[in-house]
file start_10.cif (mmCIF, C-alpha atoms)
data_input
#
loop_
_atom_site.label_atom_id
_atom_site.label_comp_id
_atom_site.auth_asym_id
_atom_site.auth_seq_id
_atom_site.Cartn_x
_atom_site.Cartn_y
_atom_site.Cartn_z
CA MET A 82 -96.62 147.00 189.91
CA CYS A 83 -93.08 148.02 190.83
CA THR A 84 -92.55 147.12 194.49
CA THR A 85 -89.87 149.78 194.81
CA CYS A 86 -91.67 152.86 193.51
CA GLY A 87 -95.28 151.79 192.87
CA CYS A 88 -95.34 152.54 189.13
CA GLY A 89 -97.24 150.27 186.76
CA VAL A 90 -95.79 147.57 184.57
CA GLY A 91 -94.65 149.16 181.33
CA ASP A 92 -94.23 147.86 177.80
CA THR A 93 -90.65 149.13 177.59
CA ARG A 94 -89.20 149.83 174.16
CA VAL A 95 -85.73 150.93 173.06
CA ASP A 96 -85.92 152.84 169.77
CA GLY A 97 -89.25 151.13 169.09
CA LYS A 98 -88.00 147.60 169.80
CA ALA A 99 -89.40 145.70 172.76
CA LEU A 100 -86.88 145.20 175.54
CA PRO A 101 -86.58 141.40 175.93
CA ASN A 102 -89.20 140.34 178.49
CA ALA A 103 -88.99 143.74 180.17
CA GLY A 104 -91.91 143.55 182.55
CA SER A 105 -94.33 142.19 179.97
CA PRO A 106 -97.62 141.52 181.78
CA SER A 107 -98.38 138.55 179.57
CA ALA A 108 -94.98 137.01 180.19
CA GLU A 109 -95.03 137.64 183.90
CA SER A 110 -98.46 136.12 184.46
CA SER A 111 -98.15 133.16 182.12
CA SER A 112 -97.37 130.49 184.72
CA ALA A 113 -96.62 129.77 188.36
CA GLU A 114 -93.35 130.40 190.16
CA GLY A 115 -90.41 128.42 188.81
CA SER A 116 -92.51 126.40 186.37
CA SER A 117 -90.57 127.21 183.21
CA ASP A 118 -86.94 126.66 182.34
CA GLY A 119 -87.28 127.75 178.72
CA ASP A 120 -86.74 131.05 176.93
CA PRO A 121 -89.51 133.47 176.02
CA PRO A 122 -90.39 133.50 172.30
CA GLY A 123 -87.62 135.14 170.33
CA SER A 124 -85.07 134.90 173.12
CA SER A 125 -81.58 133.93 171.97
CA GLN A 126 -80.14 132.81 175.32
CA ALA A 127 -81.33 130.79 178.28
CA SER A 128 -82.95 132.71 181.14
CA PRO A 129 -82.63 132.11 184.87
CA LYS A 130 -85.20 129.62 186.15
CA GLY A 131 -88.55 131.29 186.69
CA VAL A 132 -87.80 134.52 184.84
CA GLY A 133 -90.77 135.65 182.80
CA ASN A 134 -93.30 134.00 185.10
CA ASN A 135 -93.94 134.81 188.76
CA PRO A 136 -92.47 138.25 189.52
CA ALA A 137 -91.00 137.39 192.91
CA ALA A 138 -89.17 134.40 191.45
CA SER A 139 -88.14 136.43 188.40
CA TYR A 140 -86.34 139.13 190.35
CA ARG A 141 -84.74 136.79 192.85
CA ALA A 142 -83.38 134.71 189.95
CA LEU A 143 -82.20 137.82 188.09
CA ALA A 144 -80.56 139.27 191.18
CA ALA A 145 -78.77 136.01 191.99
CA ASP A 146 -77.70 135.59 188.37
CA SER A 147 -76.44 139.18 188.20
CA ARG A 148 -74.48 138.92 191.46
CA ALA A 149 -72.97 135.62 190.36
CA ARG A 150 -71.77 136.93 186.99
CA PRO A 151 -71.11 140.69 187.33
CA ALA A 152 -67.95 140.57 185.19
CA ALA A 153 -69.90 139.12 182.28
CA GLN A 154 -72.13 142.16 181.97
CA GLY A 155 -71.35 144.84 179.45
CA PHE A 156 -72.42 146.02 176.04
CA ALA A 157 -72.48 144.29 172.63
CA HIS A 158 -75.43 142.03 173.57
CA SER A 159 -74.05 141.13 176.96
CA HIS A 160 -77.34 141.81 178.79
CA ARG A 161 -78.89 138.38 178.73
CA HIS A 162 -82.02 138.18 176.65
CA GLY A 163 -85.02 136.92 178.53
CA GLU A 164 -84.21 138.73 181.76
CA THR A 165 -86.84 140.91 183.36
CA HIS A 166 -86.07 144.44 184.46
CA THR A 167 -87.05 146.13 187.68
CA HIS A 168 -90.84 146.11 187.56
CA ALA A 169 -92.90 143.37 189.13
CA GLY A 170 -96.21 142.35 187.62
CA GLY A 171 -98.07 141.69 190.86
CA ALA A 172 -97.91 141.34 194.62
CA PRO A 173 -96.61 138.29 196.46
CA ALA A 174 -99.01 135.52 197.35
CA GLU A 175 -99.13 136.44 201.06
CA LYS A 176 -101.90 138.75 202.17
CA ALA A 177 -100.92 142.40 202.32
CA GLY A 178 -100.33 143.62 205.85
CA THR A 179 -99.11 140.32 207.28
CA SER A 180 -95.59 140.15 208.67
CA THR A 181 -94.72 137.37 206.22
CA GLY A 182 -96.07 139.37 203.30
CA HIS A 183 -94.19 142.48 204.40
CA ALA A 184 -90.94 140.53 204.75
CA ARG A 185 -91.35 139.11 201.28
CA LEU A 186 -92.03 142.56 199.81
CA VAL A 187 -88.82 143.79 201.43
CA GLN A 188 -86.96 140.82 199.96
CA ILE A 189 -88.34 141.48 196.47
CA GLU A 190 -87.35 145.14 196.70
CA GLU A 191 -83.84 144.17 197.77
CA ASP A 192 -83.62 141.73 194.86
CA ILE A 193 -84.84 144.33 192.38
CA LEU A 194 -82.27 146.89 193.49
CA ALA A 195 -79.50 144.28 193.68
CA ALA A 196 -80.19 143.23 190.09
CA ASN A 197 -80.30 146.85 188.94
CA ASN A 198 -77.05 147.64 190.75
CA ALA A 199 -75.30 144.70 189.06
CA PHE A 200 -76.29 146.07 185.64
CA ALA A 201 -75.29 149.58 186.74
CA ALA A 202 -71.86 148.34 187.80
CA ALA A 203 -71.38 146.77 184.38
CA ASN A 204 -72.43 150.00 182.66
CA ARG A 205 -70.08 152.04 184.86
CA ARG A 206 -67.18 149.70 184.19
CA HIS A 207 -67.73 150.00 180.43
CA PHE A 208 -67.93 153.79 180.62
CA ALA A 209 -64.69 153.95 182.62
CA GLU A 210 -62.86 151.60 180.26
CA HIS A 211 -63.81 153.72 177.25
CA GLY A 212 -63.51 157.20 178.75
CA ILE A 213 -67.25 157.85 178.42
CA PHE A 214 -68.55 160.49 180.83
CA ALA A 215 -72.20 159.59 181.52
CA LEU A 216 -74.69 161.90 183.23
CA ASN A 217 -78.18 161.07 184.46
CA LEU A 218 -80.34 164.20 184.06
CA VAL A 219 -83.36 164.16 186.38
CA SER A 220 -86.16 166.63 187.05
CA SER A 221 -89.90 167.21 187.17
CA PRO A 222 -91.71 167.32 183.82
CA GLY A 223 -91.35 170.69 182.10
CA SER A 224 -88.11 171.80 183.76
CA GLY A 225 -86.43 172.36 180.38
CA LYS A 226 -84.20 169.26 180.21
CA THR A 227 -84.50 168.75 176.46
CA THR A 228 -83.95 172.43 175.68
CA LEU A 229 -80.91 172.32 177.96
CA LEU A 230 -79.59 169.28 176.09
CA CYS A 231 -80.07 170.89 172.68
CA ARG A 232 -78.19 174.04 173.70
CA THR A 233 -75.42 171.95 175.29
CA ILE A 234 -75.04 169.89 172.14
CA GLU A 235 -74.93 173.01 170.00
CA ALA A 236 -72.10 174.41 172.14
CA LEU A 237 -69.98 171.24 172.40
CA ARG A 238 -70.59 168.99 169.40
CA ALA A 239 -67.72 170.47 167.36
CA THR A 240 -65.16 169.55 170.02
CA LEU A 241 -66.62 166.57 171.88
CA PRO A 242 -68.39 163.39 170.69
CA ILE A 243 -71.88 163.35 172.24
CA ALA A 244 -74.63 160.74 172.38
CA VAL A 245 -78.02 160.91 174.10
CA ILE A 246 -80.44 158.44 175.66
CA GLU A 247 -83.96 159.84 175.97
CA GLY A 248 -86.41 158.44 178.50
CA ASP A 249 -90.16 159.07 178.23
CA GLN A 250 -93.26 157.03 178.86
CA GLN A 251 -94.52 157.55 175.31
CA THR A 252 -93.49 159.13 171.95
CA SER A 253 -90.07 159.75 170.42
CA ARG A 254 -90.48 163.53 170.18
CA ASP A 255 -87.49 164.36 172.39
CA ALA A 256 -85.17 161.93 170.60
CA GLU A 257 -86.21 163.49 167.29
CA ARG A 258 -85.35 166.94 168.66
CA ILE A 259 -81.93 165.68 169.75
CA ARG A 260 -81.21 164.02 166.39
CA ALA A 261 -82.14 167.27 164.67
CA SER A 262 -79.38 168.94 166.68
CA GLY A 263 -76.83 166.71 164.96
CA VAL A 264 -76.01 163.88 167.39
CA ARG A 265 -77.08 160.27 167.79
CA ALA A 266 -79.94 159.54 170.16
CA VAL A 267 -81.86 156.46 171.29
CA GLN A 268 -85.38 156.71 172.70
CA ILE A 269 -86.47 154.51 175.60
CA ASN A 270 -90.24 154.43 176.12
CA THR A 271 -91.14 153.04 179.53
CA GLY A 272 -94.89 152.68 178.97
CA LYS A 273 -96.44 152.84 182.42
CA GLY A 274 -93.01 152.80 184.09
CA CYS A 275 -91.91 156.04 185.72
CA HIS A 276 -88.10 155.79 185.55
CA LEU A 277 -85.20 154.34 183.62
CA ASP A 278 -83.15 151.48 185.03
CA ALA A 279 -79.65 150.21 184.32
CA HIS A 280 -80.87 147.24 182.26
CA MET A 281 -82.70 149.59 179.86
CA VAL A 282 -79.67 151.86 179.59
CA GLY A 283 -77.40 148.91 178.82
CA HIS A 284 -79.64 147.83 175.95
CA ALA A 285 -79.85 151.42 174.69
CA CYS A 286 -76.04 151.60 174.69
CA ASP A 287 -75.92 148.35 172.69
CA ASP A 288 -77.79 150.25 169.96
CA LEU A 289 -76.14 153.64 170.47
CA GLN A 290 -72.50 152.50 170.85
CA PRO A 291 -71.16 155.79 172.32
CA ASP A 292 -67.79 156.86 170.97
CA GLU A 293 -64.54 156.51 172.85
CA ASP A 294 -63.84 159.54 175.10
CA SER A 295 -67.35 160.90 174.62
CA LEU A 296 -70.13 162.54 176.61
CA LEU A 297 -73.25 160.44 177.19
CA LEU A 298 -76.29 162.40 178.34
CA ILE A 299 -79.20 160.35 179.74
CA GLU A 300 -82.47 162.26 180.05
CA ASN A 301 -84.54 160.35 182.58
CA VAL A 302 -88.32 160.25 182.74
CA GLY A 303 -89.69 163.45 184.31
CA ASN A 304 -90.05 162.46 187.96
CA LEU A 305 -88.39 163.68 191.16
CA VAL A 306 -89.08 160.50 193.15
CA CYS A 307 -88.31 157.14 191.53
CA PRO A 308 -85.12 157.88 189.52
CA ALA A 309 -83.34 158.71 192.80
CA ALA A 310 -83.35 155.00 193.76
CA PHE A 311 -82.05 153.58 190.47
CA ASP A 312 -78.37 153.77 189.59
CA LEU A 313 -77.84 153.70 185.82
CA GLY A 314 -74.04 153.48 185.96
CA GLU A 315 -73.69 157.24 185.53
CA ALA A 316 -70.85 159.33 186.90
CA HIS A 317 -73.30 161.83 188.41
CA LYS A 318 -76.97 162.60 188.73
CA VAL A 319 -77.71 166.19 187.71
CA VAL A 320 -81.00 167.50 189.08
CA ILE A 321 -82.67 170.33 187.16
CA LEU A 322 -85.00 172.68 189.04
CA SER A 323 -86.73 175.47 187.15
CA VAL A 324 -87.82 178.76 188.68
CA THR A 325 -91.37 178.06 187.50
CA GLU A 326 -91.52 175.39 190.22
CA GLY A 327 -91.59 175.96 193.96
CA ASP A 328 -88.38 176.99 195.70
CA ASP A 329 -89.16 174.39 198.38
CA LYS A 330 -88.88 171.43 195.98
CA PRO A 331 -85.57 170.24 197.54
CA LEU A 332 -87.33 169.80 200.91
CA LYS A 333 -90.34 168.06 199.35
CA TYR A 334 -88.21 165.63 197.30
CA PRO A 335 -85.05 165.24 199.41
CA ALA A 336 -83.96 161.83 198.08
CA MET A 337 -83.38 163.21 194.59
CA PHE A 338 -81.45 166.27 195.73
CA ASN A 339 -79.41 164.13 198.11
CA ALA A 340 -78.52 161.71 195.28
CA ALA A 341 -77.45 164.48 192.89
CA SER A 342 -73.97 165.97 192.57
CA LEU A 343 -75.06 169.11 190.73
CA MET A 344 -78.24 171.20 190.67
CA LEU A 345 -78.96 173.29 187.60
CA LEU A 346 -81.38 176.08 188.44
CA ASN A 347 -82.95 176.68 185.03
CA LYS A 348 -85.14 179.38 183.45
CA VAL A 349 -83.59 182.20 185.47
CA ASP A 350 -84.59 184.55 182.65
CA LEU A 351 -88.14 184.23 184.04
CA LEU A 352 -87.26 185.37 187.57
CA PRO A 353 -88.79 188.86 187.07
CA TYR A 354 -92.13 187.21 186.35
CA VAL A 355 -92.36 184.45 188.98
CA ASP A 356 -92.39 184.25 192.76
CA PHE A 357 -89.20 182.23 193.33
CA ASN A 358 -86.47 182.84 195.88
CA VAL A 359 -83.14 181.65 194.45
CA GLU A 360 -81.20 181.97 197.72
CA LEU A 361 -83.87 180.04 199.61
CA ALA A 362 -83.97 177.25 197.00
CA VAL A 363 -80.19 176.85 197.16
CA ASP A 364 -80.27 176.90 200.96
CA TYR A 365 -82.98 174.20 201.04
CA ALA A 366 -81.03 172.07 198.56
CA ARG A 367 -77.84 172.30 200.63
CA ARG A 368 -79.69 171.45 203.82
CA VAL A 369 -80.49 168.15 202.12
CA ASN A 370 -77.07 167.79 200.49
CA PRO A 371 -74.32 170.10 201.79
CA ALA A 372 -71.92 168.98 199.03
CA LEU A 373 -74.35 169.84 196.21
CA GLN A 374 -72.87 172.11 193.53
CA VAL A 375 -75.23 174.68 192.02
CA VAL A 376 -75.24 176.45 188.65
CA THR A 377 -77.92 179.03 187.80
CA LEU A 378 -78.64 179.36 184.10
CA SER A 379 -81.16 179.77 181.33
CA ALA A 380 -81.21 177.22 178.53
CA THR A 381 -83.24 179.71 176.48
CA SER A 382 -81.20 182.91 176.86
CA GLY A 383 -77.82 181.30 177.53
CA GLU A 384 -77.32 183.17 180.81
CA GLY A 385 -74.97 181.24 183.09
CA PHE A 386 -74.35 178.58 180.46
CA ALA A 387 -70.58 179.00 180.43
CA ALA A 388 -70.32 177.65 183.98
CA TRP A 389 -72.30 174.53 183.03
CA LEU A 390 -70.17 173.91 179.94
CA ASP A 391 -66.97 174.38 181.95
CA TRP A 392 -68.19 171.83 184.54
CA LEU A 393 -68.96 169.35 181.76
CA GLN A 394 -65.68 169.76 179.90
CA THR A 395 -63.61 169.50 183.10
CA ALA A 396 -65.44 166.31 184.11
CA CYS A 397 -65.00 164.78 180.65
CA ARG A 398 -61.25 165.47 180.77
CA GLN A 399 -61.05 163.84 184.20
CA GLN A 400 -62.86 160.74 182.93
CA GLN A 401 -60.53 160.48 179.96
CA ALA A 402 -57.47 161.00 182.20
CA GLY A 403 -58.70 158.20 184.44
CA LYS A 404 -58.93 155.86 181.45
CA ARG A 405 -55.42 156.76 180.32
CA ALA A 406 -54.05 156.22 183.83
CA THR A 407 -55.66 152.79 184.00
CA ILE A 408 -54.23 151.83 180.61
CA ALA A 409 -50.78 153.06 181.62
CA ALA A 410 -50.91 151.06 184.86
CA LEU A 411 -51.94 147.93 182.97
CA GLN A 412 -49.18 148.42 180.42
CA GLN A 413 -46.66 148.87 183.22
CA ARG A 414 -47.87 145.69 184.87
CA ILE A 415 -47.60 143.80 181.58
CA SER A 416 -44.03 145.02 181.16
CA GLU A 417 -43.17 143.88 184.69
CA LEU A 418 -44.65 140.43 184.10
CA GLU A 419 -42.84 140.10 180.77
CA ALA A 420 -39.56 141.02 182.47
CA GLN A 421 -40.19 138.40 185.18
CA LEU A 422 -40.93 135.74 182.55
CA ALA A 423 -37.78 136.64 180.65
CA GLN A 424 -35.73 136.39 183.86
CA HIS A 425 -37.19 132.95 184.68
CA ALA A 426 -36.49 131.79 181.14
CA ARG A 427 -32.83 132.82 181.46
CA GLY A 428 -32.48 131.23 184.88
#
call {"tool": "encode", "arguments": {"input": "start_10.cif", "output": "structure tokens"}}
result
Amino acid sequence: MCTTCGCGVGDTRVDGKALPNAGSPSAESSSAEGSSDGDPPGSSQASPKGVGNNPAASYRALAADSRARPAAQGFAHSHRHGETHTHAGGAPAEKAGTSTGHARLVQIEEDILAANNAFAAANRRHFAEHGIFALNLVSSPGSGKTTLLCRTIEALRATLPIAVIEGDQQTSRDAERIRASGVRAVQINTGKGCHLDAHMVGHACDDLQPDEDSLLLIENVGNLVCPAAFDLGEAHKVVILSVTEGDDKPLKYPAMFNAASLMLLNKVDLLPYVDFNVELAVDYARRVNPALQVVTLSATSGEGFAAWLDWLQTACRQQQAGKRATIAALQQRISELEAQLAQHARG
């Protein structure tokens, strides 16, 4: 069970392929803490000591390994095979409720999030270097995320390269819908897991290889709790709230609305038929997060969609401008160093 959010161990798959040792119950329960130095079957690289066995040891080893080598992380098979992701297969040995057991649970949670954050930092660095604007779309099930994605793709695909990562516990139905809209998509199935993590996203990007200066849309598992705690390396979390839900959702799930930069209030075409107070929902959301931007729209009718597309295109241009500025600064520094070398050679 995940010590951070309480979800079950999942048999995670990226486009149908098992994520290397990603929370496999059989791998995690195969031996005692620290008893194996070898790789799991099929692994191409050595794993940190204990990974794939006792969960507490696995995540401490992964976290330490990730913190020690953050610059080595990236895409093109740079996520080390044999590493576990952020779900633990069982509780620590200490009895629940004891101070020692509680302290160890806290330590495991810190290790899990530290490991995830190291992978997220690597993802974010790669996105910045390549001008990729990545968004993490989060919501309850049934908010209209996939319909929103399909309409967004239809509006922008002629002018902007787009790729999509789909997260669901089971099936590839959403990825198939996205591919039918004309862009590349990779499906992550989390099994019993209730959220994506940065390790999964890194492996998905290995397969997807988003284009330079592109838009990467990550549709997280439908859940307003757990995805708030897990950074994927995205530029922003975008929370989608539909008018078919309660207008008090921001108060009930404050962590998600606090973590988001933008709230899309979807399905406004249904307002005549539902009991939903738009002004109250926005007020509740901004009580939680005063800086939260809000766009009201309908992914079905297209109402309000221009504001969403304008926000996206502006943010993509800013990401690309940031990449160009970094390249220009590096080129300037190279020129300065070359001039210094030439001066030393003459002297």
call {"tool": "atom_distance", "arguments": {"input": "start_10.cif", "atom1": "atom CA of A:Ala202", "atom2": "atom CA of A:Asp288"}}
result
18.9 Å
call {"tool": "closest_residue", "arguments": {"input": "start_10.cif", "among": "A:Leu218, A:Ile269, A:Val245, A:Ile259", "to": "A:Leu296", "atoms": "all atoms listed in the file"}}
result
A:Val245
call {"tool": "resolve_selection", "arguments": {"input": "start_10.cif", "expression": "the PyMOL selection byres ((chain A and resi 345) around 9)", "output": "JSON, numbers by chain"}}
result
{"A": [319, 320, 321, 322, 323, 343, 344, 346, 347, 374, 375, 376, 377, 378, 389]}
call {"tool": "resolve_selection", "arguments": {"input": "start_10.cif", "expression": "the PyMOL selection byres ((chain A and resi 298) around 10)", "output": "compact mmCIF listing (two decimals) with C-alpha atoms, in the coordinates of the input"}}
result
# COMPACT_ATOMS: atom_id res chain seq x y z
CA PHE A 214 -68.55 160.49 180.83
CA ALA A 215 -72.20 159.59 181.52
CA LEU A 216 -74.69 161.90 183.23
CA ASN A 217 -78.18 161.07 184.46
CA LEU A 218 -80.34 164.20 184.06
CA LEU A 230 -79.59 169.28 176.09
CA ILE A 234 -75.04 169.89 172.14
CA ILE A 243 -71.88 163.35 172.24
CA ALA A 244 -74.63 160.74 172.38
CA VAL A 245 -78.02 160.91 174.10
CA ILE A 246 -80.44 158.44 175.66
CA GLU A 247 -83.96 159.84 175.97
CA ALA A 266 -79.94 159.54 170.16
CA SER A 295 -67.35 160.90 174.62
CA LEU A 296 -70.13 162.54 176.61
CA LEU A 297 -73.25 160.44 177.19
CA ILE A 299 -79.20 160.35 179.74
CA GLU A 300 -82.47 162.26 180.05
CA ASN A 301 -84.54 160.35 182.58
CA GLU A 315 -73.69 157.24 185.53
call {"tool": "resolve_selection", "arguments": {"input": "start_10.cif", "expression": "the PyMOL selection byres ((chain A and resi 205) around 12)", "output": "mmCIF file with C-alpha atoms, keeping the file's coordinate frame"}}
result
data_model
loop_
_atom_site.group_PDB
_atom_site.id
_atom_site.type_symbol
_atom_site.label_atom_id
_atom_site.label_comp_id
_atom_site.auth_asym_id
_atom_site.auth_seq_id
_atom_site.Cartn_x
_atom_site.Cartn_y
_atom_site.Cartn_z
ATOM 1 C CA PRO A 151 -71.110 140.690 187.330
ATOM 2 C CA ALA A 152 -67.950 140.570 185.190
ATOM 3 C CA GLN A 154 -72.130 142.160 181.970
ATOM 4 C CA GLY A 155 -71.350 144.840 179.450
ATOM 5 C CA PHE A 156 -72.420 146.020 176.040
ATOM 6 C CA ASN A 198 -77.050 147.640 190.750
ATOM 7 C CA ALA A 199 -75.300 144.700 189.060
ATOM 8 C CA PHE A 200 -76.290 146.070 185.640
ATOM 9 C CA ALA A 201 -75.290 149.580 186.740
ATOM 10 C CA ALA A 202 -71.860 148.340 187.800
ATOM 11 C CA ALA A 203 -71.380 146.770 184.380
ATOM 12 C CA ASN A 204 -72.430 150.000 182.660
ATOM 13 C CA ARG A 206 -67.180 149.700 184.190
ATOM 14 C CA HIS A 207 -67.730 150.000 180.430
ATOM 15 C CA PHE A 208 -67.930 153.790 180.620
ATOM 16 C CA ALA A 209 -64.690 153.950 182.620
ATOM 17 C CA GLU A 210 -62.860 151.600 180.260
ATOM 18 C CA HIS A 211 -63.810 153.720 177.250
ATOM 19 C CA GLY A 212 -63.510 157.200 178.750
ATOM 20 C CA ILE A 213 -67.250 157.850 178.420
ATOM 21 C CA PHE A 214 -68.550 160.490 180.830
ATOM 22 C CA ALA A 215 -72.200 159.590 181.520
ATOM 23 C CA LEU A 216 -74.690 161.900 183.230
ATOM 24 C CA ALA A 279 -79.650 150.210 184.320
ATOM 25 C CA VAL A 282 -79.670 151.860 179.590
ATOM 26 C CA GLY A 283 -77.400 148.910 178.820
ATOM 27 C CA CYS A 286 -76.040 151.600 174.690
ATOM 28 C CA LEU A 297 -73.250 160.440 177.190
ATOM 29 C CA ASP A 312 -78.370 153.770 189.590
ATOM 30 C CA LEU A 313 -77.840 153.700 185.820
ATOM 31 C CA GLY A 314 -74.040 153.480 185.960
ATOM 32 C CA GLU A 315 -73.690 157.240 185.530
ATOM 33 C CA ALA A 316 -70.850 159.330 186.900
ATOM 34 C CA HIS A 317 -73.300 161.830 188.410
ATOM 35 C CA GLN A 400 -62.860 160.740 182.930
#
call {"tool": "atom_distance", "arguments": {"input": "start_10.cif", "atom1": "atom CA of A:Arg254", "atom2": "atom CA of A:His284"}}
result
19.9 Å
call {"tool": "atom_distance", "arguments": {"input": "start_10.cif", "atom1": "atom CA of A:Ser382", "atom2": "atom CA of A:Lys226"}}
result
14.4 Å
call {"tool": "closest_residue", "arguments": {"input": "start_10.cif", "among": "A:Thr233, A:Thr93, A:Asn358, A:Thr381", "to": "A:Gln268", "atoms": "all atoms listed in the file"}}
result
A:Thr93
call {"tool": "closest_residue", "arguments": {"input": "start_10.cif", "among": "A:Ser221, A:Arg232, A:Ile408, A:Trp392", "to": "A:Pro331", "atoms": "all atoms listed in the file"}}
result
A:Ser221
call {"tool": "closest_residue", "arguments": {"input": "start_10.cif", "among": "A:Gly248, A:Val264, A:Leu418, A:Asn370", "to": "A:Ala285", "atoms": "only C-alpha atoms"}}
result
A:Gly248
call {"tool": "closest_residue", "arguments": {"input": "start_10.cif", "among": "A:Ala426, A:Val267, A:Ala196, A:Leu352", "to": "A:Gly97", "atoms": "all atoms listed in the file"}}
result
A:Val267
call {"tool": "closest_residue", "arguments": {"input": "start_10.cif", "among": "A:Arg398, A:Thr325, A:Ser342, A:Leu373", "to": "A:Tyr354", "atoms": "only C-alpha atoms"}}
result
A:Thr325
call {"tool": "build_atoms", "arguments": {"input": "start_10.cif", "residues": "stretch 309-315 of chain A", "atoms": "all heavy atoms", "output": "PDB file, in the frame of the given file"}}
result
ATOM      1  N   ALA A 309     -84.356 158.565 191.747  1.00  0.00           N
ATOM      2  CA  ALA A 309     -83.340 158.710 192.800  1.00  0.00           C
ATOM      3  C   ALA A 309     -82.849 157.356 193.283  1.00  0.00           C
ATOM      4  O   ALA A 309     -81.708 157.224 193.731  1.00  0.00           O
ATOM      5  CB  ALA A 309     -83.918 159.499 193.978  1.00  0.00           C
ATOM      6  N   ALA A 310     -83.702 156.313 193.194  1.00  0.00           N
ATOM      7  CA  ALA A 310     -83.350 155.000 193.760  1.00  0.00           C
ATOM      8  C   ALA A 310     -82.606 154.112 192.776  1.00  0.00           C
ATOM      9  O   ALA A 310     -82.058 153.086 193.178  1.00  0.00           O
ATOM     10  CB  ALA A 310     -84.623 154.292 194.223  1.00  0.00           C
ATOM     11  N   PHE A 311     -82.573 154.481 191.493  1.00  0.00           N
ATOM     12  CA  PHE A 311     -82.050 153.580 190.470  1.00  0.00           C
ATOM     13  C   PHE A 311     -80.771 154.136 189.850  1.00  0.00           C
ATOM     14  O   PHE A 311     -80.784 155.126 189.128  1.00  0.00           O
ATOM     15  CB  PHE A 311     -83.109 153.322 189.388  1.00  0.00           C
ATOM     16  CG  PHE A 311     -84.205 152.421 189.868  1.00  0.00           C
ATOM     17  CD1 PHE A 311     -85.262 152.928 190.593  1.00  0.00           C
ATOM     18  CD2 PHE A 311     -84.154 151.063 189.625  1.00  0.00           C
ATOM     19  CE1 PHE A 311     -86.266 152.094 191.058  1.00  0.00           C
ATOM     20  CE2 PHE A 311     -85.148 150.217 190.083  1.00  0.00           C
ATOM     21  CZ  PHE A 311     -86.206 150.735 190.810  1.00  0.00           C
ATOM     22  N   ASP A 312     -79.667 153.474 190.169  1.00  0.00           N
ATOM     23  CA  ASP A 312     -78.370 153.770 189.590  1.00  0.00           C
ATOM     24  C   ASP A 312     -78.349 153.264 188.157  1.00  0.00           C
ATOM     25  O   ASP A 312     -78.728 152.114 187.896  1.00  0.00           O
ATOM     26  CB  ASP A 312     -77.295 153.079 190.434  1.00  0.00           C
ATOM     27  CG  ASP A 312     -75.878 153.348 189.979  1.00  0.00           C
ATOM     28  OD1 ASP A 312     -75.680 154.185 189.070  1.00  0.00           O
ATOM     29  OD2 ASP A 312     -74.954 152.726 190.543  1.00  0.00           O
ATOM     30  N   LEU A 313     -77.918 154.103 187.224  1.00  0.00           N
ATOM     31  CA  LEU A 313     -77.840 153.700 185.820  1.00  0.00           C
ATOM     32  C   LEU A 313     -76.406 153.391 185.392  1.00  0.00           C
ATOM     33  O   LEU A 313     -76.178 152.999 184.266  1.00  0.00           O
ATOM     34  CB  LEU A 313     -78.417 154.794 184.923  1.00  0.00           C
ATOM     35  CG  LEU A 313     -79.826 155.283 185.263  1.00  0.00           C
ATOM     36  CD1 LEU A 313     -80.267 156.349 184.261  1.00  0.00           C
ATOM     37  CD2 LEU A 313     -80.814 154.134 185.297  1.00  0.00           C
ATOM     38  N   GLY A 314     -75.449 153.600 186.306  1.00  0.00           N
ATOM     39  CA  GLY A 314     -74.040 153.480 185.960  1.00  0.00           C
ATOM     40  C   GLY A 314     -73.421 154.823 185.616  1.00  0.00           C
ATOM     41  O   GLY A 314     -72.279 154.895 185.159  1.00  0.00           O
ATOM     42  N   GLU A 315     -74.148 155.897 185.860  1.00  0.00           N
ATOM     43  CA  GLU A 315     -73.690 157.240 185.530  1.00  0.00           C
ATOM     44  C   GLU A 315     -72.594 157.718 186.466  1.00  0.00           C
ATOM     45  O   GLU A 315     -72.466 157.210 187.585  1.00  0.00           O
ATOM     46  CB  GLU A 315     -74.864 158.237 185.574  1.00  0.00           C
ATOM     47  CG  GLU A 315     -75.352 158.594 186.967  1.00  0.00           C
ATOM     48  CD  GLU A 315     -76.393 157.642 187.531  1.00  0.00           C
ATOM     49  OE1 GLU A 315     -76.608 156.570 186.925  1.00  0.00           O
ATOM     50  OE2 GLU A 315     -76.982 157.951 188.585  1.00  0.00           O
TER      51      GLU A 315
END
